[in-house]
$ cat model-v6.csv   # CSV, C-alpha atoms
chain,number,residue,atom,x,y,z
J,1,MET,CA,-50.4,43.2,105.2
J,2,SER,CA,-52.2,45.5,107.6
J,3,VAL,CA,-52.8,44.4,111.1
J,4,GLU,CA,-56.5,44.1,111.9
J,5,ASP,CA,-56.6,42.4,115.3
J,6,VAL,CA,-54.0,41.1,117.9
J,7,PHE,CA,-54.7,38.1,120.1
J,8,ASP,CA,-52.5,37.3,123.2
J,9,ARG,CA,-53.0,33.6,123.4
J,10,PRO,CA,-49.9,31.6,124.3
J,11,GLY,CA,-50.0,28.1,122.9
J,12,ARG,CA,-48.2,25.5,120.8
J,13,LEU,CA,-47.7,27.8,117.9
J,14,GLY,CA,-46.4,30.8,119.8
J,15,ARG,CA,-47.2,33.5,122.4
J,16,PHE,CA,-49.6,35.6,120.2
J,17,PHE,CA,-50.9,36.1,116.7
J,18,PHE,CA,-52.4,38.8,114.6
J,19,THR,CA,-54.9,38.7,111.7
J,20,GLY,CA,-55.1,40.6,108.5
J,21,ARG,CA,-55.4,40.4,104.7
J,22,ILE,CA,-52.3,40.1,102.5
J,23,GLU,CA,-52.1,42.9,100.0
J,24,ARG,CA,-49.1,41.8,97.9
J,25,GLY,CA,-46.2,39.3,98.1
J,26,THR,CA,-46.2,36.0,100.0
J,27,VAL,CA,-45.5,35.0,103.6
J,28,ARG,CA,-44.4,31.6,104.9
J,29,PRO,CA,-43.3,30.2,108.3
J,30,GLY,CA,-39.7,31.0,109.0
J,31,ASP,CA,-39.8,34.4,107.2
J,32,ALA,CA,-38.4,37.4,109.0
J,33,VAL,CA,-40.9,40.3,109.0
J,34,GLU,CA,-40.9,43.9,110.0
J,35,VAL,CA,-43.8,45.5,111.9
J,36,VAL,CA,-44.0,49.2,110.8
J,37,GLY,CA,-46.3,52.1,111.9
J,38,LEU,CA,-47.3,54.6,114.5
J,39,GLY,CA,-43.7,55.8,114.7
J,40,ARG,CA,-42.2,52.4,115.5
J,41,THR,CA,-40.5,49.6,113.8
J,42,ALA,CA,-39.8,46.1,115.2
J,43,VAL,CA,-38.6,42.8,113.7
J,44,GLY,CA,-40.0,39.3,114.4
J,45,GLU,CA,-40.2,35.8,112.8
J,46,VAL,CA,-43.3,34.0,111.5
J,47,THR,CA,-43.7,30.7,113.3
J,48,ALA,CA,-47.0,29.6,111.7
J,49,LEU,CA,-49.9,30.7,109.5
J,50,GLU,CA,-53.6,29.9,110.0
J,51,ARG,CA,-56.6,30.5,107.8
J,52,PRO,CA,-60.2,29.7,108.7
J,53,GLY,CA,-60.4,25.9,109.1
J,54,GLY,CA,-57.0,25.1,110.4
J,55,VAL,CA,-53.2,25.6,110.4
J,56,LEU,CA,-51.8,26.5,106.9
J,57,GLY,CA,-48.3,25.8,107.8
J,58,GLU,CA,-45.6,25.7,110.5
J,59,ALA,CA,-41.9,26.5,110.4
J,60,GLY,CA,-40.2,24.1,108.0
J,61,ALA,CA,-43.5,23.0,106.4
J,62,GLY,CA,-43.0,25.3,103.4
J,63,ALA,CA,-46.7,26.4,103.1
J,64,ALA,CA,-47.2,30.0,102.0
J,65,ALA,CA,-50.0,32.5,101.8
J,66,GLY,CA,-50.4,35.1,99.1
J,67,PRO,CA,-52.4,38.2,98.0
J,68,GLY,CA,-56.0,38.4,98.9
J,69,GLU,CA,-55.8,35.8,101.7
J,70,ASN,CA,-57.1,36.5,105.2
J,71,VAL,CA,-54.7,34.8,107.6
J,72,ALA,CA,-53.6,34.6,111.2
J,73,VAL,CA,-49.9,35.1,111.7
J,74,TRP,CA,-48.0,33.7,114.7
J,75,LEU,CA,-44.8,35.6,115.6
J,76,ARG,CA,-41.9,35.1,117.9
J,77,GLY,CA,-39.3,37.6,119.0
J,78,LEU,CA,-42.0,40.1,119.9
J,79,ARG,CA,-44.7,40.6,122.5
J,80,ALA,CA,-48.4,41.1,121.8
J,81,GLU,CA,-48.1,44.7,122.9
J,82,ASP,CA,-45.4,45.4,120.3
J,83,VAL,CA,-48.0,44.9,117.5
J,84,GLN,CA,-51.1,47.2,117.1
J,85,ARG,CA,-54.1,47.5,114.8
J,86,GLY,CA,-53.2,49.7,111.8
J,87,GLN,CA,-49.5,48.8,111.7
J,88,VAL,CA,-48.2,47.1,108.5
J,89,VAL,CA,-46.2,43.8,108.5
J,90,ALA,CA,-43.9,43.4,105.5
J,91,ALA,CA,-40.5,42.1,104.4
J,92,PRO,CA,-37.7,44.0,106.3
J,93,GLY,CA,-36.8,47.3,104.7
J,94,THR,CA,-39.6,47.4,102.1
J,95,VAL,CA,-42.0,49.8,103.9
J,96,THR,CA,-41.4,53.3,105.3
J,97,GLN,CA,-43.6,55.6,107.4
J,98,HIS,CA,-44.3,59.2,106.9
J,99,ALA,CA,-46.2,62.1,108.5
J,100,GLU,CA,-46.2,64.7,105.7
J,101,PHE,CA,-47.7,64.3,102.2
J,102,GLU,CA,-49.5,65.9,99.3
J,103,ALA,CA,-52.6,64.4,97.9
J,104,GLU,CA,-55.4,64.7,95.4
J,105,ALA,CA,-58.8,64.5,97.1
J,106,HIS,CA,-62.5,64.5,96.5
J,107,ILE,CA,-64.4,66.5,99.1
J,108,LEU,CA,-68.1,65.4,99.4
J,109,SER,CA,-70.7,68.0,98.4
J,110,GLU,CA,-73.8,68.4,100.5
J,111,ASP,CA,-75.7,66.4,97.8
J,112,GLN,CA,-73.3,63.6,98.3
J,113,GLY,CA,-73.7,63.6,102.1
J,114,GLY,CA,-70.9,66.0,102.9
J,115,ARG,CA,-71.0,69.4,104.7
J,116,ALA,CA,-70.7,72.8,103.3
J,117,ASP,CA,-68.2,73.8,105.9
J,118,ALA,CA,-65.9,70.8,105.6
J,119,LEU,CA,-62.2,71.8,106.2
J,120,ALA,CA,-63.4,75.4,106.2
J,121,VAL,CA,-61.7,76.9,109.3
J,122,GLU,CA,-58.5,78.6,108.1
J,123,GLY,CA,-55.4,77.5,110.1
J,124,LYS,CA,-57.4,74.8,112.0
J,125,ARG,CA,-58.2,72.3,109.2
J,126,GLU,CA,-57.8,69.2,111.3
J,127,ALA,CA,-59.4,65.9,110.3
J,128,ARG,CA,-59.1,62.1,110.9
J,129,PHE,CA,-57.3,60.2,108.1
J,130,TYR,CA,-57.9,56.5,107.5
J,131,PHE,CA,-55.0,54.6,105.9
J,132,ARG,CA,-55.9,50.9,105.8
J,133,ALA,CA,-56.8,50.1,109.4
J,134,THR,CA,-54.9,53.1,110.8
J,135,VAL,CA,-56.7,56.1,112.0
J,136,VAL,CA,-54.6,59.3,112.7
J,137,THR,CA,-55.3,63.0,113.1
J,138,GLY,CA,-53.8,65.4,110.6
J,139,ARG,CA,-53.7,69.1,109.8
J,140,VAL,CA,-54.4,70.3,106.3
J,141,HIS,CA,-51.8,73.1,105.7
J,142,THR,CA,-52.7,73.8,102.0
J,143,LEU,CA,-56.1,73.3,100.4
J,144,LEU,CA,-56.8,74.3,96.8
J,145,LYS,CA,-60.4,73.5,95.8
J,146,ASP,CA,-62.2,73.4,92.5
J,147,GLY,CA,-65.8,72.4,93.4
J,148,THR,CA,-65.5,69.1,95.1
J,149,ASP,CA,-61.9,68.3,93.8
J,150,ALA,CA,-59.0,69.4,95.8
J,151,LEU,CA,-55.2,69.4,96.2
J,152,MET,CA,-53.9,69.3,99.8
J,153,ALA,CA,-50.8,69.2,101.8
J,154,VAL,CA,-51.2,67.3,105.2
J,155,ARG,CA,-49.1,66.8,108.3
J,156,LEU,CA,-50.1,63.9,110.5
J,157,VAL,CA,-49.5,63.7,114.3
J,158,GLU,CA,-47.9,60.3,113.9
J,159,ARG,CA,-46.0,58.6,111.1
J,160,VAL,CA,-47.8,55.8,109.3
J,161,PRO,CA,-46.8,53.4,106.6
J,162,MET,CA,-47.4,55.3,103.3
J,163,ALA,CA,-46.4,55.3,99.7
J,164,VAL,CA,-47.4,57.3,96.5
J,165,GLY,CA,-50.7,55.9,95.3
J,166,GLN,CA,-51.9,55.0,98.8
J,167,ARG,CA,-55.6,55.7,99.2
J,168,PHE,CA,-57.2,57.1,102.3
J,169,ALA,CA,-60.6,58.3,103.7
J,170,ILE,CA,-61.2,61.6,105.6
J,171,ARG,CA,-63.6,62.2,108.4
J,172,GLU,CA,-64.2,65.5,110.3
J,173,ARG,CA,-66.3,66.0,113.4
J,174,GLY,CA,-67.6,62.4,113.2
J,175,SER,CA,-68.7,62.6,109.5
J,176,ALA,CA,-67.2,61.3,106.3
J,177,ILE,CA,-66.1,64.3,104.2
J,178,GLY,CA,-64.1,62.8,101.4
J,179,SER,CA,-61.3,60.5,100.2
J,180,GLY,CA,-58.0,60.9,98.4
J,181,VAL,CA,-54.8,59.4,97.1
J,182,VAL,CA,-51.2,60.3,98.1
J,183,THR,CA,-49.3,61.9,95.3
J,184,LYS,CA,-46.0,62.8,97.1
J,185,VAL,CA,-44.4,62.1,100.4
J,186,LEU,CA,-42.7,65.2,101.9
J,187,ASP,CA,-40.6,63.8,104.7
J,188,GLU,CA,-37.8,61.2,104.5
J,189,GLY,CA,-39.7,58.6,106.5
J,190,LYS,CA,-36.7,56.8,108.0
J,191,PRO,CA,-37.9,54.0,110.3
J,192,VAL,CA,-37.1,54.2,113.9
J,193,ARG,CA,-35.4,50.8,114.7
J,194,ARG,CA,-35.2,49.1,118.0
J,195,PRO,CA,-34.1,45.6,119.1
J,196,PRO,CA,-36.8,43.0,119.2
J,197,ALA,CA,-38.3,42.6,122.7
J,198,ALA,CA,-37.4,39.5,124.7
J,199,PRO,CA,-40.2,36.8,124.5
J,200,ARG,CA,-42.9,37.3,127.1
J,201,GLU,CA,-57.8,59.9,87.7
J,202,SER,CA,-57.5,62.7,84.9
J,203,PRO,CA,-57.1,66.6,85.3
J,204,ARG,CA,-60.1,68.9,85.2
J,205,PRO,CA,-60.2,72.5,84.0
J,206,GLY,CA,-58.3,74.7,86.3
J,207,GLY,CA,-55.6,72.2,86.9
J,208,LEU,CA,-57.3,70.3,89.8
J,209,PRO,CA,-57.6,66.5,89.2
J,210,ALA,CA,-60.9,64.7,89.6
J,211,ARG,CA,-60.8,61.9,92.2
J,212,GLY,CA,-63.8,59.8,93.3
J,213,CYS,CA,-64.4,58.4,96.7
J,214,ALA,CA,-62.6,55.1,97.4
$ encode --input "model-v6.csv" --output "structure tokens"
Amino acid sequence: MSVEDVFDRPGRLGRFFFTGRIERGTVRPGDAVEVVGLGRTAVGEVTALERPGGVLGEAGAGAAAGPGENVAVWLRGLRAEDVQRGQVVAAPGTVTQHAEFEAEAHILSEDQGGRADALAVEGKREARFYFRATVVTGRVHTLLKDGTDALMAVRLVERVPMAVGQRFAIRERGSAIGSGVVTKVLDEGKPVRRPPAAPRESPRPGGLPARGCA
């Protein structure tokens, strides 16, 4: 699940909690989880889960939350400042982060609300890439276009949780210019571990695939 917000509110259930939507798998109190993203990795333990209306479960209660549920997750073994919006929380060792990737993309035309000069400056094709709740700057090193369809190779300024098939949106100079899907990760993406802190679509002619906006 992707971290949406973090709340530093010490109480009966723990020192802080974060909120987000579970994409796949299940989580229950007592699970060890890994917080991954923005070049960092940390490990904590779920002490309790909440959904709107009350506590879903506490350690030992056996309650679990699954895909599609919006929940608040209380953690121990970490501090609130160790978890940031845009990071991903998952079972340990199941998610890696990367900074370099190839993608298929759809670049908006002017008729679709885009700009004629989107990613047009040779050698300075920088844009903002939106992966889940993560926003990170990246430079487009290779761009092959066929109309509004494109193949691109990108290097981000920070590593983010990423896998083949991951969708993203692109903005440049404050405007939405397109969207895409990761087709290949180019770096090894080995997580940087540290000890927990003490508690305080189909091809088109010309070989370029068509890909609509997410």
$ atom_distance --input "model-v6.csv" --atom1 "CA of Glu188 (chain J)" --atom2 "CA of Ala163 (chain J)"
11.5 Å
$ atom_distance --input "model-v6.csv" --atom1 "CA of Phe131 (chain J)" --atom2 "CA of Gly14 (chain J)"
28.9 Å
$ atom_distance --input "model-v6.csv" --atom1 "CA of Glu158 (chain J)" --atom2 "CA of Ser109 (chain J)"
28.6 Å
$ residues_near_point --input "model-v6.csv" --point "(-62.0, 63.1, 107.9)" --cutoff "6 Å" --atoms "all atoms listed in the file" --output "PyMOL selection string"
chain J and resi 127-129+170-172+176-177
$ residues_around --input "model-v6.csv" --residues "Val46 (chain J)" --least-positions-apart "5" --cutoff "9 Å" --atoms "all atoms listed in the file" --output "list of chain:residue names"
J:Val27, J:Arg28, J:Pro29, J:Gly30, J:Asp31, J:Ala32, J:Val33, J:Glu58, J:Ala59, J:Val73, J:Trp74, J:Leu75, J:Arg76
$ closest_residue --input "model-v6.csv" --among "J:Ala63, J:Val36, J:Val71, J:Leu13" --to "Arg85 (chain J)" --atoms "all atoms listed in the file"
J:Val36
$ decode --input "model-v6.csv" --residues "region 107-131 of chain J" --atoms "N, CA, C and O atoms" --output "compact mmCIF listing (two decimals), in the first residue's frame"
# COMPACT_ATOMS: atom_id res chain seq x y z
N ILE J 107 1.74 10.91 -25.02
CA ILE J 107 1.96 12.33 -24.81
C ILE J 107 0.76 13.09 -25.35
O ILE J 107 0.40 12.93 -26.53
N LEU J 108 0.11 13.88 -24.50
CA LEU J 108 -1.10 14.57 -24.92
C LEU J 108 -0.85 15.52 -26.08
O LEU J 108 0.12 16.27 -26.09
N SER J 109 -1.76 15.51 -27.05
CA SER J 109 -1.71 16.47 -28.14
C SER J 109 -2.33 17.78 -27.67
O SER J 109 -2.94 17.85 -26.60
N GLU J 110 -2.19 18.83 -28.46
CA GLU J 110 -2.81 20.11 -28.11
C GLU J 110 -4.33 19.96 -28.02
O GLU J 110 -4.97 20.56 -27.15
N ASP J 111 -4.92 19.15 -28.89
CA ASP J 111 -6.36 18.93 -28.85
C ASP J 111 -6.80 18.22 -27.57
O ASP J 111 -7.95 18.36 -27.14
N GLN J 112 -5.88 17.47 -26.96
CA GLN J 112 -6.18 16.74 -25.73
C GLN J 112 -5.80 17.54 -24.48
O GLN J 112 -5.87 17.02 -23.37
N GLY J 113 -5.38 18.77 -24.66
CA GLY J 113 -4.99 19.60 -23.54
C GLY J 113 -3.51 19.66 -23.27
O GLY J 113 -3.07 20.25 -22.28
N GLY J 114 -2.71 19.06 -24.16
CA GLY J 114 -1.26 19.08 -24.00
C GLY J 114 -0.64 20.29 -24.66
O GLY J 114 -1.32 21.24 -25.05
N ARG J 115 0.69 20.25 -24.79
CA ARG J 115 1.42 21.36 -25.39
C ARG J 115 2.22 20.86 -26.58
O ARG J 115 2.75 19.75 -26.57
N ALA J 116 2.35 21.69 -27.57
CA ALA J 116 3.10 21.32 -28.77
C ALA J 116 4.57 21.12 -28.47
O ALA J 116 5.26 20.34 -29.13
N ASP J 117 5.10 21.81 -27.43
CA ASP J 117 6.53 21.73 -27.13
C ASP J 117 6.83 20.82 -25.94
O ASP J 117 7.90 20.91 -25.33
N ALA J 118 5.93 19.91 -25.59
CA ALA J 118 6.16 19.02 -24.45
C ALA J 118 7.41 18.17 -24.69
O ALA J 118 7.57 17.55 -25.74
N LEU J 119 8.31 18.14 -23.70
CA LEU J 119 9.55 17.36 -23.77
C LEU J 119 10.32 17.64 -25.05
O LEU J 119 10.94 16.74 -25.63
N ALA J 120 10.34 18.91 -25.47
CA ALA J 120 10.91 19.24 -26.78
C ALA J 120 12.36 19.72 -26.71
O ALA J 120 13.02 19.79 -27.74
N VAL J 121 12.86 20.08 -25.53
CA VAL J 121 14.20 20.66 -25.44
C VAL J 121 15.24 19.54 -25.36
O VAL J 121 15.31 18.80 -24.39
N GLU J 122 16.03 19.38 -26.40
CA GLU J 122 17.01 18.31 -26.48
C GLU J 122 18.02 18.43 -25.35
O GLU J 122 18.58 19.48 -25.09
N GLY J 123 18.25 17.32 -24.63
CA GLY J 123 19.22 17.31 -23.55
C GLY J 123 18.71 17.88 -22.24
O GLY J 123 19.37 17.80 -21.22
N LYS J 124 17.52 18.49 -22.23
CA LYS J 124 16.96 19.07 -21.01
C LYS J 124 15.50 18.64 -20.84
O LYS J 124 14.67 19.42 -20.41
N ARG J 125 15.23 17.41 -21.19
CA ARG J 125 13.86 16.92 -21.10
C ARG J 125 13.56 16.48 -19.67
O ARG J 125 13.58 15.30 -19.35
N GLU J 126 13.32 17.42 -18.80
CA GLU J 126 12.99 17.12 -17.42
C GLU J 126 11.49 17.29 -17.18
O GLU J 126 10.87 18.19 -17.73
N ALA J 127 10.94 16.41 -16.36
CA ALA J 127 9.52 16.48 -16.06
C ALA J 127 9.30 15.91 -14.66
O ALA J 127 10.22 15.38 -14.04
N ARG J 128 8.07 16.04 -14.17
CA ARG J 128 7.70 15.46 -12.88
C ARG J 128 6.91 14.18 -13.14
O ARG J 128 5.95 14.18 -13.92
N PHE J 129 7.33 13.10 -12.49
CA PHE J 129 6.70 11.80 -12.67
C PHE J 129 5.93 11.43 -11.40
O PHE J 129 6.46 11.54 -10.29
N TYR J 130 4.69 10.99 -11.59
CA TYR J 130 3.80 10.68 -10.47
C TYR J 130 3.57 9.17 -10.42
O TYR J 130 2.87 8.62 -11.26
N PHE J 131 4.18 8.52 -9.43
CA PHE J 131 3.98 7.09 -9.18
C PHE J 131 3.17 6.96 -7.89
O PHE J 131 3.66 7.31 -6.81
